[in-house]
Protein chains: 4
Amino acid sequence: MTMNLGVTERLQPILDKVTKLIQEEVLDADIEFHREVGKDGNRFAMTQRQYEILEGLQAKAREQGLWNFWLTDSKRGYGLSTVEYAYLAEQMGWCVLGPQVFNCSAPDTGNMEVLERYGSEDHKKQWLEPLLESKIRSAYLMTEPDVASSDATNLKFSAVRDGDDWVFNGEKYWSSGAGDERCKVYILMAKTAVDEAPRHAQHSMFVVPADAPGIKILRAMTVFGHDDAPHGHMHIRFENVRVPASALLLGEGRGFEVSQGRLGPGRIHHCMRAIGQAERALKLMCERATSRTAFGRPLAKLGANYDIIADCRIGIEQARLLCLKAAWMMDQGDPHAAAPYISQIKVVAPNMALKVIDEAMQMFGGTGVSQDTPLADMYAQMRTLRFADGPDSVHRMQVARKELAGYR
Amino acid sequence: MTMNLGVTERLQPILDKVTKLIQEEVLDADIEFHREVGKDGNRFAMTQRQYEILEGLQAKAREQGLWNFWLTDSKRGYGLSTVEYAYLAEQMGWCVLGPQVFNCSAPDTGNMEVLERYGSEDHKKQWLEPLLESKIRSAYLMTEPDVASSDATNLKFSAVRDGDDWVFNGEKYWSSGAGDERCKVYILMAKTAVDEAPRHAQHSMFVVPADAPGIKILRAMTVFGHDDAPHGHMHIRFENVRVPASALLLGEGRGFEVSQGRLGPGRIHHCMRAIGQAERALKLMCERATSRTAFGRPLAKLGANYDIIADCRIGIEQARLLCLKAAWMMDQGDPHAAAPYISQIKVVAPNMALKVIDEAMQMFGGTGVSQDTPLADMYAQMRTLRFADGPDSVHRMQVARKELAGYR
Amino acid sequence: MTMNLGVTERLQPILDKVTKLIQEEVLDADIEFHREVGKDGNRFAMTQRQYEILEGLQAKAREQGLWNFWLTDSKRGYGLSTVEYAYLAEQMGWCVLGPQVFNCSAPDTGNMEVLERYGSEDHKKQWLEPLLESKIRSAYLMTEPDVASSDATNLKFSAVRDGDDWVFNGEKYWSSGAGDERCKVYILMAKTAVDEAPRHAQHSMFVVPADAPGIKILRAMTVFGHDDAPHGHMHIRFENVRVPASALLLGEGRGFEVSQGRLGPGRIHHCMRAIGQAERALKLMCERATSRTAFGRPLAKLGANYDIIADCRIGIEQARLLCLKAAWMMDQGDPHAAAPYISQIKVVAPNMALKVIDEAMQMFGGTGVSQDTPLADMYAQMRTLRFADGPDSVHRMQVARKELAGYR
Amino acid sequence: MTMNLGVTERLQPILDKVTKLIQEEVLDADIEFHREVGKDGNRFAMTQRQYEILEGLQAKAREQGLWNFWLTDSKRGYGLSTVEYAYLAEQMGWCVLGPQVFNCSAPDTGNMEVLERYGSEDHKKQWLEPLLESKIRSAYLMTEPDVASSDATNLKFSAVRDGDDWVFNGEKYWSSGAGDERCKVYILMAKTAVDEAPRHAQHSMFVVPADAPGIKILRAMTVFGHDDAPHGHMHIRFENVRVPASALLLGEGRGFEVSQGRLGPGRIHHCMRAIGQAERALKLMCERATSRTAFGRPLAKLGANYDIIADCRIGIEQARLLCLKAAWMMDQGDPHAAAPYISQIKVVAPNMALKVIDEAMQMFGGTGVSQDTPLADMYAQMRTLRFADGPDSVHRMQVARKELAGYR
């Protein structure tokens with residue numbers, strides 16, 4: 001059976017163009033973009049300059065037809081395979097702005113997939129169309145502050161049917177992207193059944209306008225003290241928020257079906273972006289190692305640095321190949337068979353990237369954790385990926401279960 | 001030979017009082033103190049409330065005679081051994097404010113030691129006395145942005161003799177504590193000889209008023225985006241800063257003698273504080289593990305969590321004992337013999353603490369890296385300790401050199 | 001409270017003598033001794049030369065009064081503390097013959113303790129006296145082939161009361177030392193109660209002559225293919241083996257009381273010997289690193305070797321201190337309080353020693369795993385210590401339980 | 001570019017047949033074969049039964065046309081790609097006898113490649129033909145006892161031209177397979193130039209009959225005490241061994257050219273066999289984890305065992321993919337570009353396999369290191385792969401060099 005994990009012929013020119021734009025323009029623009037944060041006083045309101053930067057890059061991308069790559073199986077998109085998309089995700093992942101430039105950002109891509117697959121025509125018109133144009137953004141509201149959300153059956157945010165409406169009460173947090181002033185719509189999981197119902201049929205998925213009355217953004221969660229503005233990981237309270245019955249996706253009690261379909265590819269994309277981050281960190285590390293001198297020799301030649309660099313390269317190669325295989329498994333059309341591979345890579349890629357970034361920071365000394373390199377921000381963002389979309393331990397549990405299934 | 005690494009009889013009541021104050025008052029006060037940062041607009045100017053908090057705690061400490069423990073071999077102090085001090089440092093290390101409450105903060109303790117040992121009577125009167133009273137604070141200016149400062153012979157910040165003055169030019173950064181508005185004096189290393197002089201005799205140590213004309217604080221270095229206000233790790237420029245000849249400590253070209261004497265105990269204290277941090281992280285982890293439920297069981301009973309908790313406890317115990325042994329070696333009066341033990345613990349303690357804090361963060365999920373626990377701040381501060389006072393790699397090199405000295 | 005972990009004044013001369021004998025004579029003798037194995041055709045029958053070597057060394061030890069150090073709290077012995085004994089155990093642990101030379105070998109020491117504490121006068125006369133003189137040896141029969149013996153309540157080897165006799169049926173394996181032709185007595189745990197009895201009161205401990213009719217040694221268990229002759233880890237079958245009622249120690253159903261008392265110190269001794277093994281491996285590693293050249297430099301200066309050597313030294317120091325603390329805890333007289341420390345060190349010491357030995361093997365290349373250095377044998381023996389007296393995982397469980405006991 | 005790392009259509013039936021034979025017959029036969037060792041008194045002389053076992057299996061393989069798969073680019077063979085061969089190597093690697101059954105054993109495959117590529121017609125007739133038929137076996141003599149052979153330019157075994165002959169003097173060891181009575185020919189590297197010649201042109205490669213006068217097999221090197229009979233890793237002395245000029249391969253001073261061509265594929269094959277070993281160990285581990293009970297639960301459910309199993313699976317997947325990529329790089333025809341990938345996998349695969357085997361041993365407790373499972377033998381063999389064909393450190397150095405080549 002052919003398992004082509006290479007760059008296909010049709011992908012190569014796209015990948016080249018994306019890479020060129022990222023390396024030659026987006027990396028620098030990303031630094032300027034983030035220096036702008038808060039200049040107008042509100043860290044979550046984008047400045048004029050930020051809009052210029054982002055829209056300028058998006059225009060360049062669209063001119064070249066580099067847009068919405070994630071539409072893997074749609075007639076409207078490239079029809080790329082997950083493997084092909086993975087290569088692009090790695091490149092786009094080099095910096096925060098990367099995916100936005102090509103309208104391939106999380107959580108928008110996953111949310112757009114949900115809307116495309118499960119949304120009504122109205123949903124598509126109202127939310128999917130502007131999302132496809134990057135005119136608005138979206139958030140995915142899952143995690144809750146009061147329960148161990150790694151076991152999503154614990155979620156207790158409540159949706160109650162009241163006549164033709166659903167009424168929401170509860171709190172969500174770590175709602176990534178909900179800080180962005182452009183964020184106009186939420187995909188939200190709520191508990192719609194009593195505790196006695198089957199555990200995986202108690203929750204439902206909804207489409208909710210971000211400006212519905214009763215929604216209050218309480219604060220931005222920070223990561224190592226950083227608020228990730230203007231994106232933001234928000235803590236949000238819902239008090240008697242009312243939406244029409246049509247807000248329900250797929251059907252009552254079928255929330256997990258929606259989330260499972262959404263999370264698989266999303267995790268692979270996260271992981272491939274993590275590999276891009278690791279490549280960037282290794283590049284920075286090698287530049288430092290060859291340009292800085294101590295004890296009369298370049299850092300590269302001191303102590304264990306050769307071994308450290310080698311181990312980073314080896315870690316990256318292995319993680320990339322495993323991502324590509326997980327992507328290829330997705331492409332075979334059996335999500336159940338692909339699931340343990342996705343769990344594997346979800347454990348491997350963030351931990352590998354953290355290791356590489358950490359070693360790069362150490363090679364830089366104090367500079368490495370400071371504002372003078374992107375490494376500290378990279379580390380902080382990557383650290384959240386060890387529990388976003390499920391903590392390491394839950395994914396290891398899935399891998400082990402699959403492994404042991406054949407015995408006894 | 002007696003190697004008593006236990007809590008001595010005279011230490012026990014002191015340790016009990018310190019522990020009580022830390023656990024019952026300082027931990028909470030520390031949280032309030034840091035929430036105050038920036039409320040008046042300037043993150044490096046302390047608010048009225050911050051002064052109240054700190055001075056209130058200091059008053060409580062002084063009432064009980066809990067002050068300046070670090071004066072290990074002075075007539076004015078407790079005459080504690082390094083081992084005894086180490087136990088106190090661990091307790092004080094549970095939070096940032098801890099050491100300040102008892103006037104045992106870095107870098108003041110080391111700077112006070114330098115002034116006591118090498119300062120003139122004028123230095124003592126002008127700087128040591130108010131430092132002993134916590135009326136002012138100090139900074140230690142060593143690291144430079146343009147050279148690999150892990151090899152301190154690289155330092156090139158210049159001091160030139162001009163008549164009765166020394167004239168300084170250059171930049172220092174990661175000058176910890178220099179952000180604090182109470183910081184009034186710097187201990188500063190400068191290059192006073194030509195490149196051709198013996199490598200370890202090119203540098204000298206000076207006492208410099210923080211308000212000398214020509215000194216400009218450029219910015220605060222950040223750690224994972226955090227400025228550590230109001231303490232601060234500052235980037236400072238010196239342009240033709242002029243001080244009288246009396247600013248020189250010990251003698252021209254003898255800067256490394258001063259720094260070596262200063263760094264040994266300082267490193268042990270840092271490490272013992274790191275162990276306090278690790279203990280706090282483990283406590284938080286165990287609280288979470290026993291109070292949170294997923295998949296129908298407390299987190300403690302899931303996956304590898306028992307093993308993780310056990311490994312954290314084992315790591316802490318081993319690191320503490322090694323610290324105590326290094327402290328005991330210091331107490332034997334032969335710094336040369338103690339040096340490799342200090343290098344050992346300097347590698348072990350921060351890495352161990354980072355591991356424990358990281359596992360604690362993971363046990364908390366998203367909450368663990370957020371503002372809702374102290375773990376993220378703890379991690380950020382601890383991360384700098386892997387290069388502050390010498391990076392891991394340099395300390396490993398010292399340990400290996402010592403080990404191999406007996407062969408060939 | 002004084003926690004003296006140093007070498008006491010009274011210990012120093014004893015330690016010096018033991019060290020001298022080990023380093024100057026026993027290490028070489030050990031190599032010759034093991035080369036003799038099997039020369040007469042039977043690997044478990046000692047040759048004349050083997051007796052000469054061992055008895056010659058024992059005579060030298062006894063001449064200097066270096067004998068039975070393990071009698072820590074007996075009037076007949078040195079009355080050494082566990083801490084003091086630990087230092088000796090480390091030295092004796094450098095090679096296999098080391099402990100035998102001073103009659104401090106496992107499993108004899110533990111068995112002698114059992115006999116001294118719980119044995120009748122007859123037991124003492126028949127077995128303890130010759131053991132104290134090293135005229136005979138002993139084995140401890142616990143582990144069974146058919147059950148997970150890490151959970152000792154699983155043990156099912158049966159002892160049934162029949163009139164004035166006990167009748168044994170079942171199999172034991174990994175009975176260390178039972179291969180030695182000098183082994184004359186077994187301490188044996190058997191199940192004496194029905195499954196319905198309280199889980200920790202179903203087993204009893206017995207003293208059994210090795211030549212009782214019905215006992216058959218089936219084979220020697222091997223470790224990486226090595227039979228550890230003439231000591232041997234034997235697989236033994238009991239068929240209707242009959243012993244008098246007096247063979248029962250302490251009381252029916254009290255087997256675990258006996259084993260717990262026996263295992264605590266035994267584990268510490270094992271761990272301290274492991275540290276001796278690690279020191280020996282590090283010494284060999286450093287000798288190789290400084291005497292062998294590749295790519296134009298001594299191995300020590302290549303790649304990560306400085307870091308490897310440093311990490312080995314750091315690992316040894318930490319493990320030794322933790323052992324000493326566990327020993328000191330034992331000396332405080334509260335085995336319950338000491339237990340988690342013993343579990344800690346039981347995890348740490350063998351893993352650390354394996355790591356050091358493995359790195360030493362790697363520094364030697366092919367020679368390191370071959371008969372040309374003692375490293376391979378050291379590794380094989382040490383590997384068994386990760387499950388002998390309880391696998392790592394069980395000890396980690398104990399440590400975590402203790403840690404969590406204070407919460408909820 | 002297509003990078004097909006999957007099982008091709010033409011490979012699938014071959015792979016199925018090989019897998020079936022290995023799993024259904026060879027695994028058991030391998031155990032019986034090795035129990036036969038030494039039954040006739042000489043561990044290196046094969047018994048009648050051993051010949052029966054091996055030849056019986058070989059006959060079954062040949063009947064199905066499963067023979068000499070390694071002939072990757074020969075008209076006489078399958079013309080398999082390296083990727084395809086890699087899948088077969090993994091299966092054959094499950095046990096020692098596996099590769100022999102299909103005439104794909106090291107070091108024969110590499111030696112046959114050398115003879116095919118560089119041998120004269122006479123060499124081919126005399127040695128290659130019977131090797132292709134498995135009528136004789138061969139050894140590769142590289143490593144020497146007196147020099148750090150990891151830096152092969154150190155090798156000093158001497159070949160001196162004397163008239164029409166070459167005369168050899170020196171010692172080789174770790175000559176794997178030279179113990180086998182069927183081993184009739186050596187490929188041997190010798191120093192033919194003075195020290196002053198260019199470092200990589202001082203050595204030459206020769207074909208030497210194993211029975212040439214003056215060759216003496218001194219002993220078998222052991223691995224953890226095991227002699228690996230009847231294969232053997234022999235220590236061999238050459239005293240004035242004389243061979244005709246025609247014994248020289250390729251040309252004087254071109255030894256490294258021959259060895260480099262030989263080692264690349266050989267290393268990949270070793271690594272894929274290592275993955276087979278790891279799969280076997282994981283299978284044994286899972287069987288044990290699900291069939292053994294302690295503390296009232298199957299071992300799988302205790303402690304960190306789920307995590308351990310998951311990490312083993314993840315390690316295997318990553319290593320296999322990296323092997324396949326290295327194989328694919330080889331297939332692209334640029335050995336220079338493939339080299340760093342081969343170095344990567346040479347670091348990864350043995351370490352990963354050792355980790356998995358070690359965890360499996362631990363899951364089995366004492367049984368795991370004993371003769372009752374194949375794990376201990378597997379571990380011992382695998383351990384040598386961390387220096388055979390270059391130690392980890394040299395391969396890491398190669399990887400780092402390649403990584404840093406693009407900087408400065």
# chains A, B, ... in the order shown; residues from 1 in each chain; ligands from 1
call {"tool": "interface_residues", "arguments": {"of": "chain C", "to": "chain B", "cutoff": "9 Å", "atoms": "only C-alpha atoms", "output": "PyMOL selection string"}}
result
chain C and resi 1-9+12+286-287+289-291+300+305-311+313-314+317-319+321-322+325+341+344-345+347-348+393+395-401+403-404+407-408
call {"tool": "select_by_dssp", "arguments": {"residues": "segment 217-407 of chain C", "states": "strand (DSSP E)", "output": "PyMOL selection string"}}
result
chain C and resi 217-221+233-244+248-249+293-294+297-298
call {"tool": "residues_around", "arguments": {"residues": "Asp389 of chain B", "least_positions_apart": "5", "cutoff": "9 Å", "atoms": "only C-alpha atoms", "output": "number ranges by chain"}}
result
B: 150, 263, 266-267, 346
call {"tool": "write_last_selection", "arguments": {"atoms": "N, CA and C atoms", "output": "PDB file, in the first residue's frame"}}
result
ATOM      1  N   SER B 150      28.878  33.823  30.586  1.00  0.00           N
ATOM      2  CA  SER B 150      29.133  32.585  31.325  1.00  0.00           C
ATOM      3  C   SER B 150      30.633  32.383  31.496  1.00  0.00           C
ATOM      4  N   LEU B 263      29.996  34.488  45.357  1.00  0.00           N
ATOM      5  CA  LEU B 263      29.059  33.615  44.661  1.00  0.00           C
ATOM      6  C   LEU B 263      28.799  32.281  45.341  1.00  0.00           C
ATOM      7  N   GLY B 266      26.008  32.442  47.900  1.00  0.00           N
ATOM      8  CA  GLY B 266      24.820  32.901  47.162  1.00  0.00           C
ATOM      9  C   GLY B 266      24.185  31.784  46.366  1.00  0.00           C
ATOM     10  N   ARG B 267      25.028  30.960  45.775  1.00  0.00           N
ATOM     11  CA  ARG B 267      24.490  29.849  44.989  1.00  0.00           C
ATOM     12  C   ARG B 267      23.768  28.845  45.881  1.00  0.00           C
ATOM     13  N   LYS B 346      24.157  23.418  42.091  1.00  0.00           N
ATOM     14  CA  LYS B 346      23.671  24.436  41.154  1.00  0.00           C
ATOM     15  C   LYS B 346      23.080  23.793  39.894  1.00  0.00           C
TER      16      LYS B 346
END
call {"tool": "residues_around", "arguments": {"residues": "Ala338 of chain D", "least_positions_apart": "5", "cutoff": "10 Å", "atoms": "only C-alpha atoms", "output": "list in words"}}
result
Gly264, Lys325, Ala326, Ala327, Trp328, Met329, Met330, Asp331, Gln332, Gly333 and Ser343 of chain D
call {"tool": "residues_around", "arguments": {"residues": "segment 66-69 of chain A", "least_positions_apart": "5", "cutoff": "9 Å", "atoms": "only C-alpha atoms", "output": "list in words"}}
result
Ile14, Lys17, Val18, Gln58, Lys60, Ala61, Gly77, Tyr78, Gly79, Leu80, Tyr85, Leu88, Val101, Phe102, Asn103, Cys104, Thr109, Leu132 and Glu133 of chain A
call {"tool": "select_by_dssp", "arguments": {"residues": "segment 131-361 of chain C", "states": "alpha helix (DSSP H)", "output": "PyMOL selection string"}}
result
chain C and resi 131-132+255-291+305-331+335-361
call {"tool": "residues_around", "arguments": {"residues": "Leu54 of chain C", "least_positions_apart": "3", "cutoff": "9 Å", "atoms": "only C-alpha atoms", "output": "mmCIF file with N, CA and C atoms, in the first residue's frame"}}
result
data_model
loop_
_atom_site.group_PDB
_atom_site.id
_atom_site.type_symbol
_atom_site.label_atom_id
_atom_site.label_comp_id
_atom_site.auth_asym_id
_atom_site.auth_seq_id
_atom_site.Cartn_x
_atom_site.Cartn_y
_atom_site.Cartn_z
ATOM 1 N N ALA C 29 41.475 -10.392 44.115
ATOM 2 C CA ALA C 29 41.111 -11.758 44.515
ATOM 3 C C ALA C 29 39.745 -12.132 43.941
ATOM 4 N N ASP C 30 38.856 -11.173 43.919
ATOM 5 C CA ASP C 30 37.512 -11.406 43.397
ATOM 6 C C ASP C 30 37.565 -11.863 41.942
ATOM 7 N N PHE C 33 38.912 -15.367 41.929
ATOM 8 C CA PHE C 33 37.877 -16.257 42.478
ATOM 9 C C PHE C 33 36.855 -16.637 41.405
ATOM 10 N N ARG C 49 41.058 -23.807 45.357
ATOM 11 C CA ARG C 49 41.631 -22.464 45.256
ATOM 12 C C ARG C 49 40.624 -21.408 45.728
ATOM 13 N N GLN C 50 39.371 -21.619 45.403
ATOM 14 C CA GLN C 50 38.358 -20.661 45.843
ATOM 15 C C GLN C 50 38.286 -20.604 47.373
ATOM 16 N N TYR C 51 38.334 -21.792 47.982
ATOM 17 C CA TYR C 51 38.334 -21.802 49.451
ATOM 18 C C TYR C 51 39.564 -21.081 50.005
ATOM 19 N N LEU C 57 41.386 -14.391 52.870
ATOM 20 C CA LEU C 57 40.949 -13.008 53.086
ATOM 21 C C LEU C 57 40.174 -12.877 54.393
ATOM 22 N N GLN C 58 39.336 -13.869 54.652
ATOM 23 C CA GLN C 58 38.577 -13.831 55.900
ATOM 24 C C GLN C 58 39.516 -13.851 57.111
ATOM 25 N N ALA C 59 40.558 -14.626 56.997
ATOM 26 C CA ALA C 59 41.524 -14.683 58.107
ATOM 27 C C ALA C 59 42.157 -13.314 58.322
ATOM 28 N N LEU C 97 32.928 -10.500 46.324
ATOM 29 C CA LEU C 97 33.552 -11.146 47.468
ATOM 30 C C LEU C 97 33.644 -10.226 48.687
ATOM 31 N N GLN C 100 31.566 -10.952 51.795
ATOM 32 C CA GLN C 100 31.873 -12.268 52.375
ATOM 33 C C GLN C 100 33.129 -12.233 53.233
ATOM 34 N N VAL C 101 34.081 -11.437 52.784
ATOM 35 C CA VAL C 101 35.352 -11.374 53.503
ATOM 36 C C VAL C 101 35.126 -10.959 54.958
#
call {"tool": "residues_around", "arguments": {"residues": "Leu385 of chain C", "least_positions_apart": "3", "cutoff": "8 Å", "atoms": "only C-alpha atoms", "output": "VMD selection string"}}
result
chain C and resid 270 350 381 to 382 388 to 389
call {"tool": "write_last_selection", "arguments": {"atoms": "N, CA and C atoms", "output": "PDB file, in the first residue's frame"}}
result
ATOM      1  N   HIS C 270      21.828  -3.164  50.620  1.00  0.00           N
ATOM      2  CA  HIS C 270      21.857  -3.365  49.167  1.00  0.00           C
ATOM      3  C   HIS C 270      22.164  -2.038  48.458  1.00  0.00           C
ATOM      4  N   PRO C 350      19.648   1.651  42.808  1.00  0.00           N
ATOM      5  CA  PRO C 350      19.935   0.736  41.695  1.00  0.00           C
ATOM      6  C   PRO C 350      19.849   1.430  40.329  1.00  0.00           C
ATOM      7  N   GLN C 381      24.220  -7.931  37.835  1.00  0.00           N
ATOM      8  CA  GLN C 381      23.816  -8.050  39.238  1.00  0.00           C
ATOM      9  C   GLN C 381      22.930  -6.894  39.658  1.00  0.00           C
ATOM     10  N   MET C 382      23.324  -5.707  39.249  1.00  0.00           N
ATOM     11  CA  MET C 382      22.579  -4.520  39.660  1.00  0.00           C
ATOM     12  C   MET C 382      21.173  -4.528  39.075  1.00  0.00           C
ATOM     13  N   ALA C 388      14.441  -7.159  43.102  1.00  0.00           N
ATOM     14  CA  ALA C 388      14.696  -7.837  44.366  1.00  0.00           C
ATOM     15  C   ALA C 388      14.243  -6.933  45.511  1.00  0.00           C
ATOM     16  N   ASP C 389      13.632  -7.540  46.530  1.00  0.00           N
ATOM     17  CA  ASP C 389      13.088  -6.755  47.662  1.00  0.00           C
ATOM     18  C   ASP C 389      12.069  -5.729  47.189  1.00  0.00           C
TER      19      ASP C 389
END
call {"tool": "atom_distance", "arguments": {"atom1": "atom CA of Val223 of chain B", "atom2": "atom CA of Glu359 of chain B"}}
result
19.9 Å
